[in-house]
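S.K.: Please find start38.cif (mmCIF, N, CA and C atoms and all ligand atoms) on the next line:
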```cif
data_protein
loop_
_atom_site.label_atom_id
_atom_site.label_comp_id
_atom_site.auth_asym_id
_atom_site.auth_seq_id
_atom_site.Cartn_x
_atom_site.Cartn_y
_atom_site.Cartn_z
N MET A 1 82.19 -110.76 -122.61
CA MET A 1 83.34 -111.28 -121.86
C MET A 1 83.25 -112.80 -121.80
N ARG A 2 84.38 -113.42 -121.96
CA ARG A 2 84.39 -114.88 -121.83
C ARG A 2 84.05 -115.27 -120.40
N PRO A 3 83.36 -116.38 -120.24
CA PRO A 3 83.06 -116.81 -118.87
C PRO A 3 84.34 -117.00 -118.07
N GLU A 4 84.26 -116.68 -116.77
CA GLU A 4 85.48 -116.76 -115.95
C GLU A 4 86.01 -118.18 -115.88
N ARG A 5 85.12 -119.18 -115.99
CA ARG A 5 85.59 -120.55 -115.93
C ARG A 5 86.52 -120.84 -117.10
N GLN A 6 86.26 -120.18 -118.22
CA GLN A 6 87.09 -120.40 -119.39
C GLN A 6 88.40 -119.63 -119.28
N ARG A 7 88.35 -118.44 -118.73
CA ARG A 7 89.57 -117.64 -118.60
C ARG A 7 90.46 -118.14 -117.48
N PHE A 8 89.84 -118.58 -116.41
CA PHE A 8 90.60 -119.05 -115.25
C PHE A 8 90.07 -120.42 -114.80
N PRO A 9 90.28 -121.43 -115.65
CA PRO A 9 89.67 -122.73 -115.34
C PRO A 9 90.24 -123.40 -114.10
N PHE A 10 91.39 -122.94 -113.63
CA PHE A 10 92.02 -123.58 -112.48
C PHE A 10 91.66 -122.91 -111.15
N VAL A 11 91.01 -121.73 -111.23
CA VAL A 11 90.78 -120.92 -110.02
C VAL A 11 89.32 -121.02 -109.57
N THR A 12 89.11 -121.31 -108.29
CA THR A 12 87.77 -121.32 -107.70
C THR A 12 87.78 -120.47 -106.45
N PRO A 13 87.01 -119.36 -106.45
CA PRO A 13 86.94 -118.54 -105.24
C PRO A 13 86.33 -119.35 -104.09
N ILE A 14 86.77 -119.07 -102.87
CA ILE A 14 86.18 -119.69 -101.69
C ILE A 14 85.08 -118.77 -101.19
N ASN A 15 83.88 -119.31 -101.07
CA ASN A 15 82.70 -118.53 -100.69
C ASN A 15 82.92 -117.72 -99.43
N GLY A 16 82.66 -116.43 -99.52
CA GLY A 16 82.73 -115.59 -98.34
C GLY A 16 84.13 -115.19 -97.93
N GLU A 17 85.13 -115.60 -98.69
CA GLU A 17 86.51 -115.25 -98.36
C GLU A 17 87.14 -114.59 -99.58
N LEU A 18 87.23 -113.27 -99.53
CA LEU A 18 87.59 -112.52 -100.73
C LEU A 18 89.01 -112.77 -101.20
N LEU A 19 89.90 -113.13 -100.29
CA LEU A 19 91.31 -113.25 -100.67
C LEU A 19 91.81 -114.69 -100.71
N ARG A 20 90.89 -115.66 -100.52
CA ARG A 20 91.32 -117.06 -100.52
C ARG A 20 90.65 -117.82 -101.65
N PHE A 21 91.44 -118.70 -102.28
CA PHE A 21 90.98 -119.42 -103.46
C PHE A 21 91.48 -120.86 -103.42
N HIS A 22 90.76 -121.73 -104.11
CA HIS A 22 91.30 -123.04 -104.46
C HIS A 22 91.86 -122.91 -105.87
N VAL A 23 93.10 -123.36 -106.09
CA VAL A 23 93.68 -123.35 -107.43
C VAL A 23 94.14 -124.78 -107.74
N ARG A 24 93.59 -125.31 -108.83
CA ARG A 24 93.90 -126.69 -109.21
C ARG A 24 95.30 -126.80 -109.80
N SER A 25 95.91 -127.92 -109.59
CA SER A 25 97.22 -128.21 -110.16
C SER A 25 97.12 -128.30 -111.68
N ARG A 26 98.16 -127.83 -112.37
CA ARG A 26 98.21 -127.96 -113.83
C ARG A 26 98.56 -129.38 -114.25
N THR A 27 99.30 -130.07 -113.39
CA THR A 27 99.83 -131.38 -113.76
C THR A 27 99.00 -132.53 -113.22
N ASP A 28 98.17 -132.28 -112.20
CA ASP A 28 97.33 -133.33 -111.63
C ASP A 28 95.99 -132.72 -111.25
N SER A 29 94.97 -132.96 -112.09
CA SER A 29 93.69 -132.28 -111.90
C SER A 29 92.98 -132.74 -110.63
N ARG A 30 93.47 -133.81 -110.00
CA ARG A 30 92.85 -134.26 -108.75
C ARG A 30 93.32 -133.43 -107.56
N VAL A 31 94.40 -132.67 -107.78
CA VAL A 31 95.02 -131.92 -106.68
C VAL A 31 94.65 -130.45 -106.80
N SER A 32 94.28 -129.84 -105.68
CA SER A 32 94.14 -128.39 -105.67
C SER A 32 94.76 -127.84 -104.39
N TYR A 33 95.16 -126.58 -104.47
CA TYR A 33 95.86 -125.94 -103.36
C TYR A 33 95.05 -124.77 -102.84
N VAL A 34 95.20 -124.49 -101.56
CA VAL A 34 94.57 -123.31 -100.98
C VAL A 34 95.56 -122.16 -101.08
N VAL A 35 95.10 -121.07 -101.68
CA VAL A 35 95.92 -119.88 -101.87
C VAL A 35 95.32 -118.75 -101.03
N ASP A 36 96.15 -118.10 -100.25
CA ASP A 36 95.72 -116.96 -99.43
C ASP A 36 96.48 -115.73 -99.90
N LEU A 37 95.79 -114.85 -100.62
CA LEU A 37 96.47 -113.69 -101.21
C LEU A 37 96.85 -112.64 -100.18
N GLY A 38 96.24 -112.69 -99.01
CA GLY A 38 96.52 -111.66 -98.02
C GLY A 38 97.76 -111.91 -97.18
N ALA A 39 98.27 -113.14 -97.22
CA ALA A 39 99.39 -113.48 -96.34
C ALA A 39 100.66 -112.72 -96.72
N PHE A 40 101.47 -112.47 -95.74
CA PHE A 40 102.78 -111.82 -95.94
C PHE A 40 102.65 -110.51 -96.71
N ASP A 41 101.84 -109.59 -96.18
CA ASP A 41 101.67 -108.27 -96.81
C ASP A 41 101.27 -108.38 -98.27
N PHE A 42 100.36 -109.30 -98.57
CA PHE A 42 99.82 -109.50 -99.93
C PHE A 42 100.80 -110.16 -100.88
N ASN A 43 101.90 -110.70 -100.38
CA ASN A 43 102.67 -111.60 -101.24
C ASN A 43 101.83 -112.84 -101.52
N GLY A 44 101.13 -113.30 -100.49
CA GLY A 44 100.32 -114.50 -100.60
C GLY A 44 101.06 -115.74 -100.15
N ARG A 45 100.25 -116.80 -99.88
CA ARG A 45 100.81 -118.07 -99.44
C ARG A 45 100.03 -119.19 -100.12
N CYS A 46 100.74 -120.21 -100.54
CA CYS A 46 100.12 -121.37 -101.18
C CYS A 46 100.70 -122.61 -100.51
N ASP A 47 99.91 -123.68 -100.50
CA ASP A 47 100.41 -124.89 -99.84
C ASP A 47 101.02 -125.90 -100.81
N CYS A 48 101.36 -125.47 -102.02
CA CYS A 48 101.97 -126.39 -102.99
C CYS A 48 103.46 -126.60 -102.69
N ASP A 49 104.01 -127.66 -103.26
CA ASP A 49 105.42 -127.98 -103.04
C ASP A 49 106.34 -126.89 -103.61
N ASP A 50 105.97 -126.35 -104.76
CA ASP A 50 106.81 -125.35 -105.40
C ASP A 50 107.04 -124.17 -104.47
N TYR A 51 105.94 -123.74 -103.85
CA TYR A 51 106.03 -122.57 -102.99
C TYR A 51 106.73 -122.89 -101.68
N VAL A 52 106.33 -124.02 -101.08
CA VAL A 52 106.82 -124.31 -99.74
C VAL A 52 108.27 -124.82 -99.78
N LYS A 53 108.55 -125.71 -100.73
CA LYS A 53 109.87 -126.33 -100.73
C LYS A 53 110.80 -125.75 -101.79
N GLY A 54 110.28 -125.65 -103.03
CA GLY A 54 111.15 -125.30 -104.16
C GLY A 54 111.82 -123.95 -104.01
N ARG A 55 111.06 -122.95 -103.72
CA ARG A 55 111.61 -121.59 -103.70
C ARG A 55 112.01 -121.14 -102.32
N LYS A 56 111.60 -121.91 -101.32
CA LYS A 56 111.85 -121.50 -99.93
C LYS A 56 111.31 -120.09 -99.68
N ALA A 57 110.17 -119.81 -100.32
CA ALA A 57 109.60 -118.47 -100.22
C ALA A 57 109.16 -118.14 -98.79
N MET A 58 108.61 -119.13 -98.12
CA MET A 58 108.14 -118.87 -96.75
C MET A 58 109.28 -118.38 -95.87
N LYS A 59 110.41 -119.05 -96.01
CA LYS A 59 111.57 -118.69 -95.18
C LYS A 59 112.00 -117.25 -95.46
N LEU A 60 112.07 -116.90 -96.74
CA LEU A 60 112.48 -115.54 -97.11
C LEU A 60 111.47 -114.51 -96.61
N LEU A 61 110.17 -114.82 -96.78
CA LEU A 61 109.14 -113.86 -96.38
C LEU A 61 109.13 -113.68 -94.85
N ARG A 62 109.31 -114.79 -94.15
CA ARG A 62 109.34 -114.69 -92.69
C ARG A 62 110.55 -113.89 -92.23
N ALA A 63 111.61 -113.89 -93.04
CA ALA A 63 112.81 -113.11 -92.71
C ALA A 63 112.67 -111.65 -93.14
N GLY A 64 111.49 -111.31 -93.71
CA GLY A 64 111.24 -109.91 -94.03
C GLY A 64 111.37 -109.53 -95.48
N ALA A 65 111.45 -110.50 -96.38
CA ALA A 65 111.56 -110.18 -97.81
C ALA A 65 110.31 -109.42 -98.27
N GLU A 66 110.48 -108.49 -99.21
CA GLU A 66 109.37 -107.74 -99.78
C GLU A 66 108.54 -108.66 -100.66
N PRO A 67 107.21 -108.43 -100.73
CA PRO A 67 106.38 -109.20 -101.66
C PRO A 67 106.90 -109.07 -103.09
N SER A 68 106.86 -110.16 -103.83
CA SER A 68 107.42 -110.14 -105.18
C SER A 68 106.91 -111.34 -105.97
N ASP A 69 106.76 -111.17 -107.28
CA ASP A 69 106.36 -112.31 -108.11
C ASP A 69 107.39 -113.44 -108.04
N SER A 70 108.64 -113.11 -107.74
CA SER A 70 109.64 -114.16 -107.63
C SER A 70 109.40 -115.04 -106.40
N LEU A 71 108.55 -114.57 -105.50
CA LEU A 71 108.21 -115.35 -104.31
C LEU A 71 106.79 -115.90 -104.41
N ARG A 72 106.27 -115.95 -105.64
CA ARG A 72 104.91 -116.46 -105.86
C ARG A 72 104.95 -117.61 -106.84
N CYS A 73 104.28 -118.70 -106.48
CA CYS A 73 104.15 -119.84 -107.38
C CYS A 73 103.08 -119.52 -108.44
N TRP A 74 102.92 -120.42 -109.38
CA TRP A 74 101.94 -120.26 -110.46
C TRP A 74 100.53 -120.12 -109.89
N HIS A 75 100.21 -120.86 -108.84
CA HIS A 75 98.85 -120.81 -108.26
C HIS A 75 98.54 -119.43 -107.68
N LEU A 76 99.53 -118.86 -107.00
CA LEU A 76 99.35 -117.51 -106.47
C LEU A 76 99.14 -116.50 -107.59
N ARG A 77 99.93 -116.63 -108.64
CA ARG A 77 99.80 -115.68 -109.76
C ARG A 77 98.46 -115.84 -110.46
N GLN A 78 97.98 -117.08 -110.60
CA GLN A 78 96.66 -117.31 -111.18
C GLN A 78 95.57 -116.64 -110.36
N ALA A 79 95.60 -116.84 -109.05
CA ALA A 79 94.57 -116.27 -108.17
C ALA A 79 94.64 -114.74 -108.19
N ARG A 80 95.85 -114.19 -108.20
CA ARG A 80 95.98 -112.72 -108.27
C ARG A 80 95.43 -112.19 -109.59
N ASN A 81 95.75 -112.86 -110.68
CA ASN A 81 95.22 -112.43 -111.98
C ASN A 81 93.70 -112.52 -112.01
N TYR A 82 93.18 -113.60 -111.44
CA TYR A 82 91.72 -113.76 -111.37
C TYR A 82 91.10 -112.58 -110.63
N LEU A 83 91.64 -112.28 -109.44
CA LEU A 83 91.08 -111.21 -108.62
C LEU A 83 91.17 -109.86 -109.33
N LEU A 84 92.32 -109.61 -109.94
CA LEU A 84 92.50 -108.34 -110.64
C LEU A 84 91.58 -108.23 -111.87
N ASP A 85 91.58 -109.27 -112.70
CA ASP A 85 90.84 -109.22 -113.97
C ASP A 85 89.34 -109.33 -113.79
N MET A 86 88.91 -110.14 -112.81
CA MET A 86 87.48 -110.42 -112.70
C MET A 86 86.78 -109.55 -111.66
N GLU A 87 87.53 -109.00 -110.72
CA GLU A 87 86.90 -108.25 -109.63
C GLU A 87 87.37 -106.80 -109.58
N VAL A 88 88.66 -106.60 -109.40
CA VAL A 88 89.17 -105.26 -109.09
C VAL A 88 89.12 -104.33 -110.30
N LEU A 89 89.72 -104.74 -111.40
CA LEU A 89 89.80 -103.84 -112.56
C LEU A 89 88.42 -103.49 -113.14
N PRO A 90 87.50 -104.45 -113.29
CA PRO A 90 86.17 -104.05 -113.79
C PRO A 90 85.49 -103.04 -112.88
N LYS A 91 85.65 -103.18 -111.56
CA LYS A 91 85.01 -102.22 -110.65
C LYS A 91 85.68 -100.85 -110.74
N LEU A 92 87.01 -100.84 -110.85
CA LEU A 92 87.71 -99.56 -111.01
C LEU A 92 87.31 -98.89 -112.31
N ALA A 93 87.25 -99.68 -113.38
CA ALA A 93 86.88 -99.12 -114.68
C ALA A 93 85.48 -98.53 -114.63
N ALA A 94 84.56 -99.24 -113.98
CA ALA A 94 83.19 -98.74 -113.87
C ALA A 94 83.16 -97.42 -113.10
N ARG A 95 84.01 -97.32 -112.08
CA ARG A 95 84.05 -96.09 -111.29
C ARG A 95 84.64 -94.96 -112.12
N ILE A 96 85.69 -95.26 -112.88
CA ILE A 96 86.33 -94.25 -113.72
C ILE A 96 85.36 -93.75 -114.79
N ASN A 97 84.63 -94.69 -115.39
CA ASN A 97 83.66 -94.31 -116.43
C ASN A 97 82.50 -93.53 -115.85
N GLY A 98 82.27 -93.70 -114.55
CA GLY A 98 81.26 -92.91 -113.88
C GLY A 98 79.84 -93.34 -114.16
N ASN A 99 79.67 -94.37 -114.94
CA ASN A 99 78.30 -94.79 -115.26
C ASN A 99 77.95 -96.14 -114.65
N GLY A 100 78.87 -96.64 -113.85
CA GLY A 100 78.60 -97.92 -113.21
C GLY A 100 78.68 -99.09 -114.15
N LYS A 101 79.08 -98.83 -115.40
CA LYS A 101 79.16 -99.91 -116.36
C LYS A 101 80.59 -100.07 -116.86
N HIS A 102 80.95 -101.27 -117.10
CA HIS A 102 82.23 -101.54 -117.72
C HIS A 102 81.99 -102.36 -118.96
N HIS A 103 82.52 -101.87 -120.08
CA HIS A 103 82.37 -102.61 -121.32
C HIS A 103 83.66 -103.37 -121.62
N THR A 104 83.50 -104.61 -122.03
CA THR A 104 84.65 -105.39 -122.47
C THR A 104 85.08 -104.92 -123.85
N ARG A 105 86.25 -105.36 -124.28
CA ARG A 105 86.73 -105.00 -125.61
C ARG A 105 85.70 -105.39 -126.68
N GLU A 106 85.12 -106.58 -126.52
CA GLU A 106 84.14 -107.05 -127.51
C GLU A 106 82.89 -106.17 -127.50
N GLN A 107 82.46 -105.77 -126.30
CA GLN A 107 81.28 -104.91 -126.21
C GLN A 107 81.54 -103.53 -126.80
N ARG A 108 82.76 -103.00 -126.56
CA ARG A 108 83.09 -101.68 -127.14
C ARG A 108 83.10 -101.75 -128.65
N ALA A 109 83.66 -102.85 -129.20
CA ALA A 109 83.69 -103.02 -130.65
C ALA A 109 82.26 -103.08 -131.20
N ALA A 110 81.39 -103.80 -130.50
CA ALA A 110 79.99 -103.92 -130.95
C ALA A 110 79.31 -102.55 -130.91
N LEU A 111 79.61 -101.75 -129.87
CA LEU A 111 79.02 -100.42 -129.76
C LEU A 111 79.49 -99.52 -130.91
N ARG A 112 80.80 -99.60 -131.23
CA ARG A 112 81.35 -98.80 -132.32
C ARG A 112 80.69 -99.15 -133.65
N GLU A 113 80.43 -100.45 -133.82
CA GLU A 113 79.84 -100.91 -135.08
C GLU A 113 78.33 -100.70 -135.09
N GLY A 114 77.78 -100.29 -133.98
CA GLY A 114 76.35 -100.05 -133.90
C GLY A 114 75.51 -101.29 -133.95
N THR A 115 76.09 -102.40 -133.51
CA THR A 115 75.31 -103.66 -133.54
C THR A 115 74.69 -103.93 -132.19
ZN ZN A 201 101.26 -122.89 -105.34
#
```
Could you render the structure from this file as structure tokens?
Ligand SMILES: [Zn+2]
M.R.:
Amino acid sequence: MRPERQRFPFVTPINGELLRFHVRSRTDSRVSYVVDLGAFDFNGRCDCDDYVKGRKAMKLLRAGAEPSDSLRCWHLRQARNYLLDMEVLPKLAARINGNGKHHTREQRAALREGT
């Protein structure tokens, strides 16, 4: 598996907080935003301008809008993908396989080839 830094170079988990992340800006590497995936029934909340001002997502969510990707900025989607790809899905796959192990596509190919 590729290192997570390479797959998700903009996402940094916050120690001890499973649903909160720092996500760096794509346009200004000096800027990063705090993303909370648990907010608003798992829609999530980000402190970037796109989320707060551009889409007016907070206003809609506070008015009871259902969680939706249309109410998520790029930073929220990055953090969700990180959590799903790096944490949740590998653990589910290991449980489904029943052996506590999860093989990546590359590892499965290597196993098939007997290398
Ligand atoms: Zn954002």
S.K.: As a quick test: using only N, CA and C atoms and all ligand atoms, which residues lie no more than 8 Å away from ligand ZN 201 (chain A)? Give them as a PyMOL selection string.
M.R.: chain A and resi 23+33-35+45-52+72-77
S.K.: For the atom pair atom CA of Gly38 of chain A and atom CA of Asn97 of chain A, what is the interatomic distance in Å to one decimal place?
M.R.: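 Interatomic distance here is 28.4 Å.
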S.K.: So the first atom is atom CA of Pro9 of chain A and the second is atom CA of Arg24 of chain A; what is the distance between them in Å, to one decimal place?
M.R.: 8.4 Å
S.K.: Work out how far apart atom N of Asp36 of chain A and atom N of Gln6 of chain A are and give it in Å to one decimal.
M.R.: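 Distance between the two atoms: 20.6 Å.
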S.K.: Quick check for you: according to DSSP on this backbone, which residues of chain A are classed as alpha helix (DSSP H)? Reply as JSON, numbers by chain.
M.R.: {"A": [4, 5, 6, 7, 39, 40, 41, 42, 49, 57, 58, 59, 60, 61, 62, 74, 75, 76, 77, 78, 79, 80, 81, 82, 89, 90, 91, 92, 93, 94, 95, 96, 97, 105, 106, 107, 108, 109, 110, 111, 112, 113]}
S.K.: Could you tell me which of A:Glu106, A:Glu113, A:Asp41, A:Asp85 comes closest to Glu66 of chain A if we count all atoms listed in the file?
M.R.: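 Of all the options, A:Asp41 lies closest to Glu66 of chain A.
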S.K.: Between A:Arg26, A:Leu37, A:Gly44, A:Leu60, which is the closest to Phe10 of chain A once you count all atoms listed in the file?
M.R.: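 So, comparing all the options, the nearest one is A:Arg26.
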S.K.: Ranking A:Thr12, A:Asn43, A:Thr104, A:Ser29 by minimum distance to Pro90 of chain A and counting only C-alpha atoms, which one comes first?
M.R.: A:Thr104
S.K.: Let me make sure I understand: among A:Ala79, A:Gly114, A:Gly64, A:Met58, which one has the smallest atom-to-atom distance to Phe21 of chain A if we use only N, CA and C atoms?
M.R.: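 Nearest to Phe21 of chain A: A:Ala79.
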S.K.: Please identify the strand (DSSP E) residues within chain A (assignment by DSSP from backbone atoms) and present them as a count of residues only.
M.R.: 19
